>>> print(open('structure.pdb').read())   # PDB, C-alpha atoms and all ligand atoms
MODEL        1
ATOM      1  CA  MET A1327       6.747  16.202  -6.136
ATOM      2  CA  GLU A1328       5.868  12.507  -6.078
ATOM      3  CA  GLN A1329       2.437  11.333  -4.925
ATOM      4  CA  THR A1330       1.301   7.964  -3.581
ATOM      5  CA  LEU A1331      -1.907   6.458  -2.206
ATOM      6  CA  SER A1332      -2.319   5.182   1.339
ATOM      7  CA  ILE A1333      -5.320   3.315   2.692
ATOM      8  CA  ILE A1334      -5.748   2.935   6.446
ATOM      9  CA  LYS A1335      -7.583  -0.400   6.518
ATOM     10  CA  PRO A1336     -10.696  -1.317   8.585
ATOM     11  CA  ASP A1337      -8.684  -2.892  11.450
ATOM     12  CA  ALA A1338      -6.693   0.290  12.097
ATOM     13  CA  VAL A1339      -9.757   2.538  11.725
ATOM     14  CA  ALA A1340     -11.639   0.332  14.243
ATOM     15  CA  LYS A1341      -8.702   0.606  16.674
ATOM     16  CA  SER A1342      -8.799   4.444  16.459
ATOM     17  CA  VAL A1343      -5.175   4.756  15.340
ATOM     18  CA  VAL A1344      -5.929   6.869  12.234
ATOM     19  CA  GLY A1345      -4.389   9.984  13.813
ATOM     20  CA  LYS A1346      -1.288   8.104  14.940
ATOM     21  CA  ILE A1347      -0.749   6.672  11.452
ATOM     22  CA  LEU A1348      -1.297  10.035   9.702
ATOM     23  CA  SER A1349       1.219  11.570  12.144
ATOM     24  CA  ARG A1350       3.844   9.049  11.068
ATOM     25  CA  PHE A1351       3.426  10.188   7.462
ATOM     26  CA  GLU A1352       3.724  13.855   8.421
ATOM     27  CA  ASP A1353       6.644  13.205  10.797
ATOM     28  CA  ALA A1354       8.463  11.516   7.889
ATOM     29  CA  GLY A1355       8.028  14.637   5.729
ATOM     30  CA  LEU A1356       5.040  13.446   3.687
ATOM     31  CA  ARG A1357       2.289  15.990   3.148
ATOM     32  CA  ILE A1358      -1.398  15.032   3.186
ATOM     33  CA  ALA A1359      -2.628  16.318  -0.188
ATOM     34  CA  ALA A1360      -6.132  14.780   0.170
ATOM     35  CA  THR A1361      -7.864  12.459   2.621
ATOM     36  CA  LYS A1362     -11.325  11.021   3.253
ATOM     37  CA  LYS A1363     -13.043   8.286   5.265
ATOM     38  CA  ILE A1364     -15.224   6.003   3.150
ATOM     39  CA  GLN A1365     -16.988   2.641   3.193
ATOM     40  CA  LEU A1366     -15.914   0.556   0.187
ATOM     41  CA  SER A1367     -18.590  -1.451  -1.624
ATOM     42  CA  ARG A1368     -17.783  -5.014  -2.684
ATOM     43  CA  ALA A1369     -17.550  -3.799  -6.303
ATOM     44  CA  ASP A1370     -15.092  -1.030  -5.255
ATOM     45  CA  ALA A1371     -12.849  -3.469  -3.374
ATOM     46  CA  GLU A1372     -12.918  -6.036  -6.179
ATOM     47  CA  ALA A1373     -12.018  -3.371  -8.739
ATOM     48  CA  PHE A1374      -9.282  -1.831  -6.592
ATOM     49  CA  TYR A1375      -7.624  -5.215  -5.951
ATOM     50  CA  ALA A1376      -8.312  -6.620  -9.464
ATOM     51  CA  VAL A1377      -4.584  -7.465  -9.901
ATOM     52  CA  HIS A1378      -5.013 -10.021  -7.085
ATOM     53  CA  ALA A1379      -8.229 -11.562  -8.517
ATOM     54  CA  GLU A1380      -6.558 -14.914  -9.225
ATOM     55  CA  ARG A1381      -4.808 -15.161  -5.830
ATOM     56  CA  PRO A1382      -6.234 -17.677  -3.310
ATOM     57  CA  PHE A1383      -6.719 -14.947  -0.687
ATOM     58  CA  PHE A1384      -8.701 -12.582  -2.968
ATOM     59  CA  GLY A1385     -12.087 -13.382  -1.373
ATOM     60  CA  GLU A1386     -10.727 -12.891   2.163
ATOM     61  CA  LEU A1387      -9.010  -9.668   1.131
ATOM     62  CA  VAL A1388     -12.217  -8.208  -0.345
ATOM     63  CA  ASP A1389     -14.334  -9.360   2.656
ATOM     64  CA  PHE A1390     -11.860  -7.711   4.996
ATOM     65  CA  MET A1391     -11.620  -4.436   3.077
ATOM     66  CA  ILE A1392     -15.420  -3.966   3.180
ATOM     67  CA  SER A1393     -15.757  -5.003   6.850
ATOM     68  CA  GLY A1394     -15.685  -1.346   7.978
ATOM     69  CA  PRO A1395     -14.712   2.147   6.857
ATOM     70  CA  VAL A1396     -11.240   2.975   5.522
ATOM     71  CA  VAL A1397      -9.295   6.243   5.291
ATOM     72  CA  VAL A1398      -7.797   6.919   1.866
ATOM     73  CA  THR A1399      -5.049   9.519   1.621
ATOM     74  CA  VAL A1400      -2.891  11.050  -1.073
ATOM     75  CA  LEU A1401       0.628  11.528   0.316
ATOM     76  CA  GLU A1402       3.005  13.910  -1.384
ATOM     77  CA  GLY A1403       6.741  14.445  -1.021
ATOM     78  CA  GLU A1404      10.161  13.463  -2.247
ATOM     79  CA  ASP A1405      10.202   9.688  -2.941
ATOM     80  CA  ALA A1406       6.685   9.497  -1.442
ATOM     81  CA  MET A1407       5.968   5.978  -2.757
ATOM     82  CA  THR A1408       9.149   4.405  -1.348
ATOM     83  CA  LYS A1409       9.001   6.439   1.864
ATOM     84  CA  ASN A1410       5.446   5.229   2.504
ATOM     85  CA  ARG A1411       6.398   1.595   1.790
ATOM     86  CA  ASP A1412       9.289   1.918   4.270
ATOM     87  CA  LEU A1413       6.993   3.375   6.939
ATOM     88  CA  MET A1414       4.451   0.547   6.375
ATOM     89  CA  GLY A1415       6.802  -2.414   6.848
ATOM     90  CA  ALA A1416       6.458  -5.946   5.453
ATOM     91  CA  THR A1417       3.058  -7.280   4.297
ATOM     92  CA  ASN A1418       3.049  -9.847   7.124
ATOM     93  CA  PRO A1419       3.231  -7.865  10.387
ATOM     94  CA  LYS A1420       5.118 -10.745  12.012
ATOM     95  CA  GLU A1421       7.949 -10.059   9.555
ATOM     96  CA  ALA A1422       7.700  -6.248   9.719
ATOM     97  CA  GLN A1423      10.637  -4.341  11.168
ATOM     98  CA  ALA A1424      10.187  -2.841  14.640
ATOM     99  CA  GLY A1425       8.916   0.718  14.489
ATOM    100  CA  THR A1426       6.992   0.269  11.239
ATOM    101  CA  ILE A1427       3.225   0.864  11.077
ATOM    102  CA  ARG A1428       2.459  -2.816  10.527
ATOM    103  CA  ALA A1429       4.755  -3.971  13.351
ATOM    104  CA  ASP A1430       3.130  -1.508  15.742
ATOM    105  CA  PHE A1431      -0.550  -1.592  14.726
ATOM    106  CA  ALA A1432      -1.298  -4.748  12.664
ATOM    107  CA  GLU A1433      -2.453  -8.186  13.782
ATOM    108  CA  SER A1434      -2.227 -10.492  10.757
ATOM    109  CA  ILE A1435      -1.431 -10.659   7.035
ATOM    110  CA  ASP A1436      -4.990  -9.687   6.073
ATOM    111  CA  ALA A1437      -5.663  -7.255   8.941
ATOM    112  CA  ASN A1438      -2.393  -5.447   8.251
ATOM    113  CA  ALA A1439      -3.409  -1.831   8.977
ATOM    114  CA  VAL A1440      -2.366  -0.101   5.752
ATOM    115  CA  HIS A1441      -2.174  -0.321   1.986
ATOM    116  CA  GLY A1442       0.386   1.645   0.006
ATOM    117  CA  SER A1443       0.922   1.907  -3.756
ATOM    118  CA  ASP A1444       3.850  -0.296  -4.815
ATOM    119  CA  SER A1445       5.057   1.773  -7.803
ATOM    120  CA  VAL A1446       4.755   5.345  -9.017
ATOM    121  CA  GLU A1447       2.724   4.112 -12.008
ATOM    122  CA  ASN A1448       0.252   2.251  -9.755
ATOM    123  CA  ALA A1449       0.087   5.264  -7.439
ATOM    124  CA  ALA A1450      -1.301   7.424 -10.262
ATOM    125  CA  ILE A1451      -3.922   4.770 -11.103
ATOM    126  CA  GLU A1452      -4.895   4.270  -7.438
ATOM    127  CA  ILE A1453      -5.126   8.004  -6.713
ATOM    128  CA  ALA A1454      -7.431   8.466  -9.722
ATOM    129  CA  PHE A1455      -9.564   5.554  -8.447
ATOM    130  CA  PHE A1456     -10.491   7.566  -5.330
ATOM    131  CA  PHE A1457      -9.912  11.274  -6.009
ATOM    132  CA  ALA A1458     -10.751  13.848  -8.657
ATOM    133  CA  GLN A1459      -7.833  16.153  -9.453
ATOM    134  CA  LYS A1460      -9.784  19.119  -8.000
ATOM    135  CA  ASP A1461      -9.864  17.417  -4.578
ATOM    136  CA  ILE A1462      -6.061  17.152  -4.339
ATOM    137  CA  SER A1463      -4.167  20.204  -3.141
TER     138      SER A1463
HETATM  139  P1  LIG A1501       1.202  -5.124   0.145
HETATM  140  O1  LIG A1501       1.592  -4.356  -1.081
HETATM  141  O2  LIG A1501       2.302  -5.165   1.191
HETATM  142  O3  LIG A1501      -0.104  -4.676   0.749
HETATM  143  O4  LIG A1501       1.013  -6.655  -0.285
HETATM  144  P2  LIG A1501       0.411  -7.349  -1.604
HETATM  145  O5  LIG A1501       0.183  -6.364  -2.691
HETATM  146  O6  LIG A1501       1.250  -8.546  -1.889
HETATM  147  O7  LIG A1501      -1.001  -7.920  -1.110
HETATM  148  C1  LIG A1501      -2.114  -7.070  -1.002
HETATM  149  C2  LIG A1501      -2.839  -7.379   0.287
HETATM  150  O8  LIG A1501      -3.368  -8.703   0.204
HETATM  151  C3  LIG A1501      -1.943  -7.392   1.549
HETATM  152  O9  LIG A1501      -1.772  -6.147   2.126
HETATM  153  C4  LIG A1501      -2.711  -8.311   2.453
HETATM  154  O10 LIG A1501      -3.738  -7.604   3.149
HETATM  155  C5  LIG A1501      -3.361  -9.302   1.511
HETATM  156  N1  LIG A1501      -2.576 -10.539   1.458
HETATM  157  C6  LIG A1501      -1.370 -10.743   0.859
HETATM  158  N2  LIG A1501      -0.970 -12.031   1.021
HETATM  159  C7  LIG A1501      -1.957 -12.638   1.731
HETATM  160  C8  LIG A1501      -2.153 -13.981   2.207
HETATM  161  O11 LIG A1501      -1.323 -14.886   2.015
HETATM  162  N3  LIG A1501      -3.311 -14.215   2.892
HETATM  163  C9  LIG A1501      -4.252 -13.248   3.121
HETATM  164  N4  LIG A1501      -5.372 -13.549   3.801
HETATM  165  N5  LIG A1501      -4.110 -11.980   2.686
HETATM  166  C10 LIG A1501      -2.980 -11.684   2.009
ENDMDL
END
>>> encode(input="structure.pdb", output="structure tokens", more="lines below")
Ligand code: GDP
Amino acid sequence: MEQTLSIIKPDAVAKSVVGKILSRFEDAGLRIAATKKIQLSRADAEAFYAVHAERPFFGELVDFMISGPVVVTVLEGEDAMTKNRDLMGATNPKEAQAGTIRADFAESIDANAVHGSDSVENAAIEIAFFFAQKDIS
């Protein structure tokens, strides 16, 4: 079974739509293999988004990701990575298809409700960033 990492970002946690977003994963046949609510430190956010370090929006992205708690989740199922990306919708919520998480819950390109791993290889790295193997079941 494939696994992928989801992060419900501070905007969606603040809006109390965590349950609604987790339901979308489950309704799509993805199983929650691990989940926890955490506050990222600046060092955590910088390390997690290191691939974007040279992008002009890196500072804004890190500031936003530490602005409040997030919910990190390991999703498991057939084609979990692609399924999650489809449920999320486009990075910019204004371009996200109707019915996707970002179209329904996100406000802007930085406050865009969710993160999802963009490849199976990155999913393994991102899951290991947040969870020990013993905490995934
Ligand atoms: P994702 O895989 O759809 O989340 O998109 P990316 O990997 O390209 O970007 C990572 C995150 O950086 C996005 O989810 C956004 O929160 C943020 N981001 C991407 N592009 C921009 C931008 O042009 N401006 C700002 N402020 N944030 C951006």
>>> residues_near_ligand(input="structure.pdb", ligand="ligand LIG 1501 (chain A)", cutoff="7 Å", atoms="all atoms listed in the file", output="ChimeraX atom specification")
/A:1383,1386-1387,1416-1417,1435-1438,1441-1444
>>> axis_aligned_box(input="structure.pdb", around="region 1405-1421 of chain A", padding_each_side="6 Å", output="JSON")
{"center_x": 6.6, "center_y": -0.5, "center_z": 4.5, "size_x": 19.2, "size_y": 32.4, "size_z": 27.0}
>>> closest_residue(input="structure.pdb", among="A:Val1377, A:Val1440, A:Leu1401, A:Val1446", to="Ile1358 (chain A)", atoms="all atoms listed in the file")
A:Leu1401
>>> closest_residue(input="structure.pdb", among="A:Thr1426, A:Ala1376, A:Arg1381, A:Gly1394", to="Val1339 (chain A)", atoms="only C-alpha atoms")
A:Gly1394
>>> closest_residue(input="structure.pdb", among="A:Asn1448, A:Asn1410, A:Gln1459, A:Gln1423", to="Tyr1375 (chain A)", atoms="only C-alpha atoms")
A:Asn1448
>>> resolve_selection(input="structure.pdb", expression="the PyMOL selection byres (((chain A and resi 1393) around 12) and not hetatm)", output="list of chain:residue names")
A:Lys1335, A:Pro1336, A:Asp1337, A:Ala1338, A:Val1339, A:Ala1340, A:Ile1364, A:Gln1365, A:Leu1366, A:Ser1367, A:Arg1368, A:Ala1371, A:Glu1386, A:Leu1387, A:Val1388, A:Asp1389, A:Phe1390, A:Met1391, A:Ile1392, A:Gly1394, A:Pro1395, A:Val1396, A:Asp1436, A:Ala1437
>>> atom_distance(input="structure.pdb", atom1="CA of Leu1348 (chain A)", atom2="CA of Glu1421 (chain A)")
22.1 Å
>>> resolve_selection(input="structure.pdb", expression="the PyMOL selection byres (((chain A and resi 1431) around 9) and not hetatm)", output="list in words")
Asp1337, Ala1338, Lys1341, Val1343, Ile1347, Pro1419, Thr1426, Ile1427, Arg1428, Ala1429, Asp1430, Ala1432, Glu1433, Asn1438 and Ala1439 of chain A
>>> atom_distance(input="structure.pdb", atom1="CA of Ser1434 (chain A)", atom2="CA of Asn1418 (chain A)")
6.4 Å
>>> residues_near_point(input="structure.pdb", point="(-3.1, 8.7, -9.6)", cutoff="12 Å", atoms="all atoms listed in the file", output="ChimeraX atom specification")
/A:1328-1332,1360,1399-1402,1407,1443,1445-1459,1462
>>> atom_distance(input="structure.pdb", atom1="CA of Lys1363 (chain A)", atom2="CA of Asp1461 (chain A)")
13.8 Å
>>> closest_residue(input="structure.pdb", among="A:Ala1373, A:Ala1406, A:Ala1424, A:Ala1379", to="Met1327 (chain A)", atoms="only C-alpha atoms")
A:Ala1406
>>> closest_residue(input="structure.pdb", among="A:His1378, A:Lys1460, A:Lys1362, A:Lys1409", to="Arg1350 (chain A)", atoms="all atoms listed in the file")
A:Lys1409
>>> closest_residue(input="structure.pdb", among="A:Gly1345, A:Ala1422, A:Leu1356, A:Glu1380", to="Asp1405 (chain A)", atoms="only C-alpha atoms")
A:Leu1356
>>> decode(input="structure.pdb", residues="region 1328-1382 of chain A", atoms="C-alpha atoms", output="PDB file, in the first residue's frame")
ATOM      1  CA  GLU A1328       1.268   3.467  -0.897  1.00  0.00           C
ATOM      2  CA  GLN A1329       1.722   6.133   1.780  1.00  0.00           C
ATOM      3  CA  THR A1330       1.831   9.922   1.500  1.00  0.00           C
ATOM      4  CA  LEU A1331       2.102  12.878   3.874  1.00  0.00           C
ATOM      5  CA  SER A1332      -0.592  15.505   4.330  1.00  0.00           C
ATOM      6  CA  ILE A1333      -0.273  18.685   6.357  1.00  0.00           C
ATOM      7  CA  ILE A1334      -3.397  20.640   7.272  1.00  0.00           C
ATOM      8  CA  LYS A1335      -1.916  24.146   7.374  1.00  0.00           C
ATOM      9  CA  PRO A1336      -2.462  26.843  10.064  1.00  0.00           C
ATOM     10  CA  ASP A1337      -5.287  28.596   8.143  1.00  0.00           C
ATOM     11  CA  ALA A1338      -7.424  25.447   7.973  1.00  0.00           C
ATOM     12  CA  VAL A1339      -6.669  24.481  11.588  1.00  0.00           C
ATOM     13  CA  ALA A1340      -7.684  28.012  12.709  1.00  0.00           C
ATOM     14  CA  LYS A1341     -10.943  27.698  10.737  1.00  0.00           C
ATOM     15  CA  SER A1342     -11.778  24.393  12.517  1.00  0.00           C
ATOM     16  CA  VAL A1343     -12.089  22.403   9.289  1.00  0.00           C
ATOM     17  CA  VAL A1344      -9.625  19.654  10.311  1.00  0.00           C
ATOM     18  CA  GLY A1345     -12.429  17.090  10.680  1.00  0.00           C
ATOM     19  CA  LYS A1346     -13.977  18.029   7.342  1.00  0.00           C
ATOM     20  CA  ILE A1347     -10.628  17.676   5.561  1.00  0.00           C
ATOM     21  CA  LEU A1348      -9.798  14.329   7.228  1.00  0.00           C
ATOM     22  CA  SER A1349     -13.273  13.100   6.195  1.00  0.00           C
ATOM     23  CA  ARG A1350     -12.502  13.882   2.563  1.00  0.00           C
ATOM     24  CA  PHE A1351      -9.432  11.641   2.757  1.00  0.00           C
ATOM     25  CA  GLU A1352     -11.409   8.805   4.340  1.00  0.00           C
ATOM     26  CA  ASP A1353     -14.358   9.259   1.954  1.00  0.00           C
ATOM     27  CA  ALA A1354     -11.896   8.898  -0.949  1.00  0.00           C
ATOM     28  CA  GLY A1355     -10.668   5.555   0.432  1.00  0.00           C
ATOM     29  CA  LEU A1356      -7.488   6.818   2.107  1.00  0.00           C
ATOM     30  CA  ARG A1357      -6.771   5.423   5.553  1.00  0.00           C
ATOM     31  CA  ILE A1358      -5.288   7.557   8.339  1.00  0.00           C
ATOM     32  CA  ALA A1359      -2.191   5.571   9.351  1.00  0.00           C
ATOM     33  CA  ALA A1360      -0.898   8.258  11.775  1.00  0.00           C
ATOM     34  CA  THR A1361      -1.870  11.807  12.699  1.00  0.00           C
ATOM     35  CA  LYS A1362      -0.864  14.502  15.183  1.00  0.00           C
ATOM     36  CA  LYS A1363      -1.334  18.224  15.824  1.00  0.00           C
ATOM     37  CA  ILE A1364       1.940  20.097  16.288  1.00  0.00           C
ATOM     38  CA  GLN A1365       3.430  23.589  16.311  1.00  0.00           C
ATOM     39  CA  LEU A1366       6.344  23.790  13.860  1.00  0.00           C
ATOM     40  CA  SER A1367       9.435  25.725  14.937  1.00  0.00           C
ATOM     41  CA  ARG A1368      11.099  28.042  12.419  1.00  0.00           C
ATOM     42  CA  ALA A1369      13.937  25.501  12.078  1.00  0.00           C
ATOM     43  CA  ASP A1370      11.394  22.696  11.390  1.00  0.00           C
ATOM     44  CA  ALA A1371       9.615  24.711   8.690  1.00  0.00           C
ATOM     45  CA  GLU A1372      12.869  25.804   7.054  1.00  0.00           C
ATOM     46  CA  ALA A1373      14.128  22.216   6.990  1.00  0.00           C
ATOM     47  CA  PHE A1374      10.842  20.788   5.712  1.00  0.00           C
ATOM     48  CA  TYR A1375      10.637  23.322   2.857  1.00  0.00           C
ATOM     49  CA  ALA A1376      14.417  23.371   2.152  1.00  0.00           C
ATOM     50  CA  VAL A1377      13.777  22.594  -1.561  1.00  0.00           C
ATOM     51  CA  HIS A1378      12.097  26.024  -1.809  1.00  0.00           C
ATOM     52  CA  ALA A1379      14.903  27.905   0.023  1.00  0.00           C
ATOM     53  CA  GLU A1380      15.898  29.875  -3.085  1.00  0.00           C
ATOM     54  CA  ARG A1381      12.321  30.804  -4.075  1.00  0.00           C
ATOM     55  CA  PRO A1382      11.235  34.437  -3.493  1.00  0.00           C
TER      56      PRO A1382
END
